[in-house]
Amino acid sequence: MTHASNEDMRILVTTPLRPKPHQVARASEMAPWFGGAVVPRRGQSIAHLLADADAVVVVGDPAVVHVRGVEHPLFFHPSMAHQRLRRIAQGEPDRLLALAGVSPGDVVIDATLGLGTDALVFAAAVGARGRVEGVERSPVLYGLLRAVQVYGSEAHPREAELLRRVLLVHADHADWLRSKPDESADVVYFDPMFREPVHQSAHMQPIRPVAWEAPLSEEVLNEAKRVARKAVIVKERPKSGVFEALGLQSDRTAGRFAYGVWRRPR
């Protein structure tokens, strides 16, 4: 599945095999978030449902998404945010927050939200007086996060509470940035899908088929620079050539990933 097909994905929303009444109700509530259609389970296997769909969402805690042709299901998990939040609470510095210069009360736009790993860290850093706007084009990823916002997460209650501070936006980040006034956010952040995937956990592997894989363009970066009062940050592999092409200063020359930084001249 290429990124172009994400706009036309056929998504079905269903329940576990033996659904509880609230799960039946949630299926109807959740379907619009995924842009999907509700299908009663009626004993059908996931494989059978996937024969007529690109993805099947099974309501539960957490909601689980099965993607055609992908071995592992996709569900909300804070990933490295869990450890980063714990270290921040212990007073340790966070590399991304330090580079971005994020402070309590700031407004941060996470323009490539994904499953919200960095947005959770931003939400903790800006606090209740700040705001994080998380923009996600993929209906699958947006739907998963919307479900956590509304219903919470028994497995990750702290992260679910932080996610409630994030304004979820289902949109193309280029359109969203164009709609923003000059210098209306403190930081704009991009974590586009790496062209060459690094080693990922079984949980992360299902994201690529449902994520938007278009590269970051100079036009979008310029919109981000217009909107950001402090800085624009881009996460990429250090030797991908992206930072050089976009005129960004990399914080590292080796390692699994680096951050490219633009700061507003003062």
# chains A, B, ... in the order shown; residues from 1 in each chain; ligands from 1
>>> select_by_dssp(residues="region 8-210 of chain A", states="strand (DSSP E)", output="PyMOL selection string")
chain A and resi 11-14+37-38+55-58+64-67+74-75+107-110+131-136+166-170+185-190
>>> write_last_selection(atoms="N, CA, C and O atoms", output="short mmCIF file (atom, residue, chain, number, x, y, z; two decimals), in the first residue's frame")
data_model
loop_
_atom_site.label_atom_id
_atom_site.label_comp_id
_atom_site.auth_asym_id
_atom_site.auth_seq_id
_atom_site.Cartn_x
_atom_site.Cartn_y
_atom_site.Cartn_z
N ILE A 11 -12.02 1.03 5.30
CA ILE A 11 -11.82 0.68 6.71
C ILE A 11 -13.14 0.20 7.30
O ILE A 11 -14.18 0.87 7.16
N LEU A 12 -13.10 -0.95 7.95
CA LEU A 12 -14.27 -1.49 8.63
C LEU A 12 -14.05 -1.40 10.14
O LEU A 12 -12.93 -1.61 10.63
N VAL A 13 -15.11 -1.11 10.87
CA VAL A 13 -15.05 -1.03 12.32
C VAL A 13 -15.99 -2.08 12.88
O VAL A 13 -17.19 -2.12 12.53
N THR A 14 -15.48 -2.93 13.75
CA THR A 14 -16.29 -4.03 14.28
C THR A 14 -15.97 -4.24 15.75
O THR A 14 -15.23 -3.46 16.37
N ALA A 37 -16.80 2.12 7.97
CA ALA A 37 -18.17 1.61 8.07
C ALA A 37 -18.25 0.57 9.17
O ALA A 37 -17.34 -0.25 9.34
N VAL A 38 -19.34 0.58 9.94
CA VAL A 38 -19.54 -0.40 11.00
C VAL A 38 -20.04 -1.71 10.40
O VAL A 38 -20.97 -1.72 9.58
N ALA A 55 -8.28 -2.29 6.06
CA ALA A 55 -7.99 -2.34 7.49
C ALA A 55 -9.28 -2.62 8.24
O ALA A 55 -10.36 -2.20 7.83
N VAL A 56 -9.15 -3.33 9.36
CA VAL A 56 -10.28 -3.64 10.23
C VAL A 56 -9.96 -3.17 11.64
O VAL A 56 -8.94 -3.56 12.22
N VAL A 57 -10.81 -2.31 12.19
CA VAL A 57 -10.66 -1.81 13.54
C VAL A 57 -11.53 -2.64 14.46
O VAL A 57 -12.74 -2.75 14.25
N VAL A 58 -10.94 -3.23 15.49
CA VAL A 58 -11.69 -4.00 16.48
C VAL A 58 -11.77 -3.17 17.75
O VAL A 58 -10.74 -2.82 18.35
N VAL A 64 -7.78 -2.01 18.34
CA VAL A 64 -6.73 -2.69 17.58
C VAL A 64 -7.08 -2.62 16.10
O VAL A 64 -8.22 -2.88 15.72
N VAL A 65 -6.08 -2.29 15.28
CA VAL A 65 -6.29 -2.20 13.84
C VAL A 65 -5.49 -3.30 13.15
O VAL A 65 -4.28 -3.42 13.33
N HIS A 66 -6.19 -4.12 12.37
CA HIS A 66 -5.55 -5.15 11.56
C HIS A 66 -5.48 -4.62 10.13
O HIS A 66 -6.51 -4.23 9.55
N VAL A 67 -4.28 -4.61 9.57
CA VAL A 67 -4.06 -4.07 8.23
C VAL A 67 -3.77 -5.23 7.28
O VAL A 67 -2.97 -6.13 7.60
N LEU A 74 -1.99 -3.10 14.90
CA LEU A 74 -1.58 -1.76 15.32
C LEU A 74 -2.50 -1.30 16.45
O LEU A 74 -3.72 -1.45 16.37
N PHE A 75 -1.90 -0.71 17.50
CA PHE A 75 -2.69 -0.19 18.61
C PHE A 75 -1.90 0.94 19.26
O PHE A 75 -0.69 1.11 19.02
N VAL A 107 3.06 27.15 22.59
CA VAL A 107 2.20 26.50 21.60
C VAL A 107 3.10 25.73 20.64
O VAL A 107 4.01 26.31 20.03
N VAL A 108 2.86 24.42 20.53
CA VAL A 108 3.67 23.56 19.67
C VAL A 108 2.77 22.89 18.65
O VAL A 108 1.70 22.37 19.00
N ILE A 109 3.18 22.91 17.39
CA ILE A 109 2.47 22.17 16.34
C ILE A 109 3.30 20.95 15.99
O ILE A 109 4.42 21.07 15.48
N ASP A 110 2.78 19.77 16.30
CA ASP A 110 3.39 18.51 15.85
C ASP A 110 2.70 18.19 14.53
O ASP A 110 1.59 17.67 14.50
N ARG A 131 -0.32 24.66 24.68
CA ARG A 131 -1.18 23.94 23.74
C ARG A 131 -0.32 23.18 22.74
O ARG A 131 0.70 23.69 22.28
N VAL A 132 -0.73 21.96 22.46
CA VAL A 132 -0.11 21.17 21.41
C VAL A 132 -1.16 20.86 20.36
O VAL A 132 -2.25 20.37 20.69
N GLU A 133 -0.86 21.18 19.12
CA GLU A 133 -1.75 20.86 18.00
C GLU A 133 -1.10 19.71 17.23
O GLU A 133 0.00 19.86 16.70
N GLY A 134 -1.77 18.57 17.20
CA GLY A 134 -1.24 17.40 16.52
C GLY A 134 -1.96 17.14 15.23
O GLY A 134 -3.17 16.88 15.23
N VAL A 135 -1.25 17.22 14.11
CA VAL A 135 -1.85 17.11 12.79
C VAL A 135 -1.51 15.75 12.20
O VAL A 135 -0.33 15.39 12.10
N GLU A 136 -2.53 15.00 11.80
CA GLU A 136 -2.32 13.68 11.23
C GLU A 136 -3.25 13.46 10.05
O GLU A 136 -4.46 13.63 10.16
N VAL A 166 -3.85 17.51 23.83
CA VAL A 166 -3.46 17.71 22.44
C VAL A 166 -4.70 17.94 21.59
O VAL A 166 -5.66 17.16 21.64
N LEU A 167 -4.70 19.02 20.82
CA LEU A 167 -5.76 19.25 19.84
C LEU A 167 -5.49 18.35 18.64
O LEU A 167 -4.52 18.59 17.90
N LEU A 168 -6.31 17.32 18.46
CA LEU A 168 -6.13 16.41 17.32
C LEU A 168 -6.74 17.02 16.07
O LEU A 168 -7.92 17.41 16.08
N VAL A 169 -5.96 17.06 15.01
CA VAL A 169 -6.41 17.64 13.75
C VAL A 169 -6.24 16.60 12.65
O VAL A 169 -5.11 16.15 12.39
N HIS A 170 -7.33 16.20 12.03
CA HIS A 170 -7.25 15.26 10.90
C HIS A 170 -7.17 16.08 9.62
O HIS A 170 -8.19 16.55 9.09
N ALA A 185 2.64 30.11 16.53
CA ALA A 185 3.07 28.99 17.38
C ALA A 185 4.53 29.22 17.75
O ALA A 185 5.24 29.95 17.06
N ASP A 186 4.94 28.62 18.84
CA ASP A 186 6.34 28.76 19.23
C ASP A 186 7.24 27.81 18.47
O ASP A 186 8.33 28.20 18.02
N VAL A 187 6.80 26.58 18.30
CA VAL A 187 7.61 25.54 17.65
C VAL A 187 6.75 24.76 16.68
O VAL A 187 5.60 24.44 16.98
N VAL A 188 7.31 24.45 15.52
CA VAL A 188 6.69 23.52 14.58
C VAL A 188 7.63 22.33 14.42
O VAL A 188 8.83 22.52 14.17
N TYR A 189 7.08 21.14 14.55
CA TYR A 189 7.90 19.92 14.56
C TYR A 189 7.44 18.96 13.48
O TYR A 189 6.23 18.77 13.28
N PHE A 190 8.40 18.35 12.80
CA PHE A 190 8.12 17.33 11.78
C PHE A 190 8.91 16.06 12.09
O PHE A 190 10.11 16.12 12.34
#
>>> residues_around(residues="Arg263 (chain A)", least_positions_apart="4", cutoff="12 Å", atoms="only C-alpha atoms", output="list of chain:residue names")
A:Leu99, A:Ala100, A:Gly101, A:Asp186, A:Val187, A:Val188, A:Ala224, A:Lys225, A:Arg226, A:Val227, A:Ala228, A:Arg229, A:Lys230, A:Ala231, A:Val232, A:Ile233, A:Val234, A:Gly247, A:Leu248, A:Gln249
>>> select_by_dssp(residues="region 22-213 of chain A", states="alpha helix (DSSP H)", output="PyMOL selection string")
chain A and resi 22-34+46-50+81-89+95-100+117-126+139-151+157-163+173-178+207-210
>>> closest_residue(among="A:Ser138, A:Thr253, A:Ser79, A:Ser45", to="Leu120 (chain A)", atoms="only C-alpha atoms")
A:Ser79
>>> atom_distance(atom1="CA of Asp191 (chain A)", atom2="CA of Gln83 (chain A)")
18.8 Å
>>> residues_around(residues="Gly43 (chain A)", least_positions_apart="3", cutoff="9 Å", atoms="only C-alpha atoms", output="list in words")
Pro16, Leu17, Arg18 and Pro40 of chain A
>>> atom_distance(atom1="CA of Lys180 (chain A)", atom2="CA of Pro215 (chain A)")
21.1 Å
>>> atom_distance(atom1="CA of Trp33 (chain A)", atom2="CA of Gly143 (chain A)")
4.8 Å
>>> residues_around(residues="region 152-154 of chain A", least_positions_apart="4", cutoff="10 Å", atoms="only C-alpha atoms", output="number ranges by chain")
A: 60-63, 76-77, 145-148, 158-161, 163-164
>>> residues_around(residues="Arg68 (chain A)", least_positions_apart="5", cutoff="8 Å", atoms="only C-alpha atoms", output="PyMOL selection string")
chain A and resi 50+53-55
>>> decode(residues="region 246-261 of chain A", atoms="all heavy atoms", output="PDB file, in the first residue's frame")
ATOM      1  N   LEU A 246      17.407  21.009   2.797  1.00  0.00           N
ATOM      2  CA  LEU A 246      16.468  21.992   3.339  1.00  0.00           C
ATOM      3  C   LEU A 246      17.164  23.125   4.093  1.00  0.00           C
ATOM      4  O   LEU A 246      16.498  24.023   4.614  1.00  0.00           O
ATOM      5  CB  LEU A 246      15.463  21.296   4.274  1.00  0.00           C
ATOM      6  CG  LEU A 246      14.541  20.278   3.606  1.00  0.00           C
ATOM      7  CD1 LEU A 246      13.657  19.600   4.654  1.00  0.00           C
ATOM      8  CD2 LEU A 246      13.673  20.940   2.536  1.00  0.00           C
ATOM      9  N   GLY A 247      18.477  23.072   4.166  1.00  0.00           N
ATOM     10  CA  GLY A 247      19.203  24.141   4.831  1.00  0.00           C
ATOM     11  C   GLY A 247      19.044  24.152   6.342  1.00  0.00           C
ATOM     12  O   GLY A 247      19.003  25.224   6.958  1.00  0.00           O
ATOM     13  N   LEU A 248      18.988  22.978   6.950  1.00  0.00           N
ATOM     14  CA  LEU A 248      18.824  22.872   8.397  1.00  0.00           C
ATOM     15  C   LEU A 248      20.139  22.452   9.052  1.00  0.00           C
ATOM     16  O   LEU A 248      20.931  21.720   8.464  1.00  0.00           O
ATOM     17  CB  LEU A 248      17.733  21.843   8.730  1.00  0.00           C
ATOM     18  CG  LEU A 248      16.333  22.131   8.173  1.00  0.00           C
ATOM     19  CD1 LEU A 248      15.406  20.956   8.439  1.00  0.00           C
ATOM     20  CD2 LEU A 248      15.764  23.403   8.770  1.00  0.00           C
ATOM     21  N   GLN A 249      20.326  22.894  10.273  1.00  0.00           N
ATOM     22  CA  GLN A 249      21.517  22.536  11.034  1.00  0.00           C
ATOM     23  C   GLN A 249      21.250  21.267  11.822  1.00  0.00           C
ATOM     24  O   GLN A 249      20.361  21.220  12.669  1.00  0.00           O
ATOM     25  CB  GLN A 249      21.890  23.672  11.997  1.00  0.00           C
ATOM     26  CG  GLN A 249      23.149  23.429  12.803  1.00  0.00           C
ATOM     27  CD  GLN A 249      24.394  23.404  11.935  1.00  0.00           C
ATOM     28  OE1 GLN A 249      24.560  24.251  11.062  1.00  0.00           O
ATOM     29  NE2 GLN A 249      25.276  22.444  12.181  1.00  0.00           N
ATOM     30  N   SER A 250      22.017  20.218  11.557  1.00  0.00           N
ATOM     31  CA  SER A 250      21.819  18.941  12.235  1.00  0.00           C
ATOM     32  C   SER A 250      22.493  18.952  13.600  1.00  0.00           C
ATOM     33  O   SER A 250      23.581  19.492  13.764  1.00  0.00           O
ATOM     34  CB  SER A 250      22.386  17.797  11.396  1.00  0.00           C
ATOM     35  OG  SER A 250      22.277  16.569  12.081  1.00  0.00           O
ATOM     36  N   ASP A 251      21.830  18.325  14.585  1.00  0.00           N
ATOM     37  CA  ASP A 251      22.429  18.282  15.919  1.00  0.00           C
ATOM     38  C   ASP A 251      23.396  17.116  16.071  1.00  0.00           C
ATOM     39  O   ASP A 251      24.163  17.080  17.036  1.00  0.00           O
ATOM     40  CB  ASP A 251      21.344  18.217  17.004  1.00  0.00           C
ATOM     41  CG  ASP A 251      20.717  16.835  17.166  1.00  0.00           C
ATOM     42  OD1 ASP A 251      20.496  16.152  16.137  1.00  0.00           O
ATOM     43  OD2 ASP A 251      20.435  16.447  18.312  1.00  0.00           O
ATOM     44  N   ARG A 252      23.389  16.163  15.119  1.00  0.00           N
ATOM     45  CA  ARG A 252      24.300  15.026  15.185  1.00  0.00           C
ATOM     46  C   ARG A 252      24.672  14.587  13.771  1.00  0.00           C
ATOM     47  O   ARG A 252      23.899  14.763  12.837  1.00  0.00           O
ATOM     48  CB  ARG A 252      23.676  13.851  15.931  1.00  0.00           C
ATOM     49  CG  ARG A 252      23.493  14.099  17.418  1.00  0.00           C
ATOM     50  CD  ARG A 252      23.005  12.871  18.148  1.00  0.00           C
ATOM     51  NE  ARG A 252      22.850  13.141  19.578  1.00  0.00           N
ATOM     52  CZ  ARG A 252      22.403  12.257  20.461  1.00  0.00           C
ATOM     53  NH1 ARG A 252      22.060  11.037  20.062  1.00  0.00           N
ATOM     54  NH2 ARG A 252      22.306  12.573  21.733  1.00  0.00           N
ATOM     55  N   THR A 253      25.838  13.981  13.631  1.00  0.00           N
ATOM     56  CA  THR A 253      26.276  13.488  12.328  1.00  0.00           C
ATOM     57  C   THR A 253      26.242  11.968  12.247  1.00  0.00           C
ATOM     58  O   THR A 253      26.521  11.396  11.200  1.00  0.00           O
ATOM     59  CB  THR A 253      27.711  13.963  12.032  1.00  0.00           C
ATOM     60  OG1 THR A 253      28.585  13.510  13.085  1.00  0.00           O
ATOM     61  CG2 THR A 253      27.769  15.488  11.953  1.00  0.00           C
ATOM     62  N   ALA A 254      25.911  11.311  13.350  1.00  0.00           N
ATOM     63  CA  ALA A 254      25.828   9.851  13.373  1.00  0.00           C
ATOM     64  C   ALA A 254      24.727   9.446  14.340  1.00  0.00           C
ATOM     65  O   ALA A 254      24.194  10.262  15.080  1.00  0.00           O
ATOM     66  CB  ALA A 254      27.164   9.239  13.788  1.00  0.00           C
ATOM     67  N   GLY A 255      24.387   8.142  14.294  1.00  0.00           N
ATOM     68  CA  GLY A 255      23.336   7.645  15.167  1.00  0.00           C
ATOM     69  C   GLY A 255      22.094   7.264  14.383  1.00  0.00           C
ATOM     70  O   GLY A 255      22.027   7.417  13.157  1.00  0.00           O
ATOM     71  N   ARG A 256      21.078   6.767  15.096  1.00  0.00           N
ATOM     72  CA  ARG A 256      19.846   6.314  14.446  1.00  0.00           C
ATOM     73  C   ARG A 256      19.050   7.466  13.850  1.00  0.00           C
ATOM     74  O   ARG A 256      18.397   7.315  12.830  1.00  0.00           O
ATOM     75  CB  ARG A 256      18.976   5.553  15.449  1.00  0.00           C
ATOM     76  CG  ARG A 256      19.543   4.213  15.879  1.00  0.00           C
ATOM     77  CD  ARG A 256      18.627   3.507  16.861  1.00  0.00           C
ATOM     78  NE  ARG A 256      17.352   3.173  16.240  1.00  0.00           N
ATOM     79  CZ  ARG A 256      16.194   3.728  16.580  1.00  0.00           C
ATOM     80  NH1 ARG A 256      16.148   4.676  17.500  1.00  0.00           N
ATOM     81  NH2 ARG A 256      15.084   3.356  15.983  1.00  0.00           N
ATOM     82  N   PHE A 257      19.094   8.614  14.500  1.00  0.00           N
ATOM     83  CA  PHE A 257      18.370   9.770  13.976  1.00  0.00           C
ATOM     84  C   PHE A 257      19.022  11.044  14.486  1.00  0.00           C
ATOM     85  O   PHE A 257      19.805  11.043  15.449  1.00  0.00           O
ATOM     86  CB  PHE A 257      16.888   9.734  14.378  1.00  0.00           C
ATOM     87  CG  PHE A 257      16.649   9.907  15.855  1.00  0.00           C
ATOM     88  CD1 PHE A 257      16.512  11.171  16.420  1.00  0.00           C
ATOM     89  CD2 PHE A 257      16.557   8.803  16.687  1.00  0.00           C
ATOM     90  CE1 PHE A 257      16.295  11.333  17.780  1.00  0.00           C
ATOM     91  CE2 PHE A 257      16.330   8.950  18.050  1.00  0.00           C
ATOM     92  CZ  PHE A 257      16.201  10.220  18.599  1.00  0.00           C
ATOM     93  N   ALA A 258      18.699  12.141  13.803  1.00  0.00           N
ATOM     94  CA  ALA A 258      19.182  13.464  14.209  1.00  0.00           C
ATOM     95  C   ALA A 258      18.030  14.447  14.069  1.00  0.00           C
ATOM     96  O   ALA A 258      17.000  14.155  13.453  1.00  0.00           O
ATOM     97  CB  ALA A 258      20.366  13.891  13.349  1.00  0.00           C
ATOM     98  N   TYR A 259      18.222  15.619  14.649  1.00  0.00           N
ATOM     99  CA  TYR A 259      17.248  16.697  14.507  1.00  0.00           C
ATOM    100  C   TYR A 259      17.865  17.828  13.703  1.00  0.00           C
ATOM    101  O   TYR A 259      18.963  18.303  14.018  1.00  0.00           O
ATOM    102  CB  TYR A 259      16.817  17.233  15.873  1.00  0.00           C
ATOM    103  CG  TYR A 259      16.036  16.260  16.717  1.00  0.00           C
ATOM    104  CD1 TYR A 259      16.567  15.728  17.893  1.00  0.00           C
ATOM    105  CD2 TYR A 259      14.753  15.866  16.343  1.00  0.00           C
ATOM    106  CE1 TYR A 259      15.846  14.846  18.672  1.00  0.00           C
ATOM    107  CE2 TYR A 259      14.024  14.978  17.114  1.00  0.00           C
ATOM    108  CZ  TYR A 259      14.578  14.467  18.283  1.00  0.00           C
ATOM    109  OH  TYR A 259      13.853  13.586  19.053  1.00  0.00           O
ATOM    110  N   GLY A 260      17.158  18.247  12.657  1.00  0.00           N
ATOM    111  CA  GLY A 260      17.546  19.427  11.915  1.00  0.00           C
ATOM    112  C   GLY A 260      16.828  20.629  12.499  1.00  0.00           C
ATOM    113  O   GLY A 260      15.627  20.571  12.763  1.00  0.00           O
ATOM    114  N   VAL A 261      17.543  21.724  12.703  1.00  0.00           N
ATOM    115  CA  VAL A 261      17.006  22.864  13.448  1.00  0.00           C
ATOM    116  C   VAL A 261      17.080  24.144  12.625  1.00  0.00           C
ATOM    117  O   VAL A 261      18.105  24.441  11.997  1.00  0.00           O
ATOM    118  CB  VAL A 261      17.779  23.060  14.770  1.00  0.00           C
ATOM    119  CG1 VAL A 261      17.171  24.197  15.588  1.00  0.00           C
ATOM    120  CG2 VAL A 261      17.803  21.759  15.581  1.00  0.00           C
TER     121      VAL A 261
END
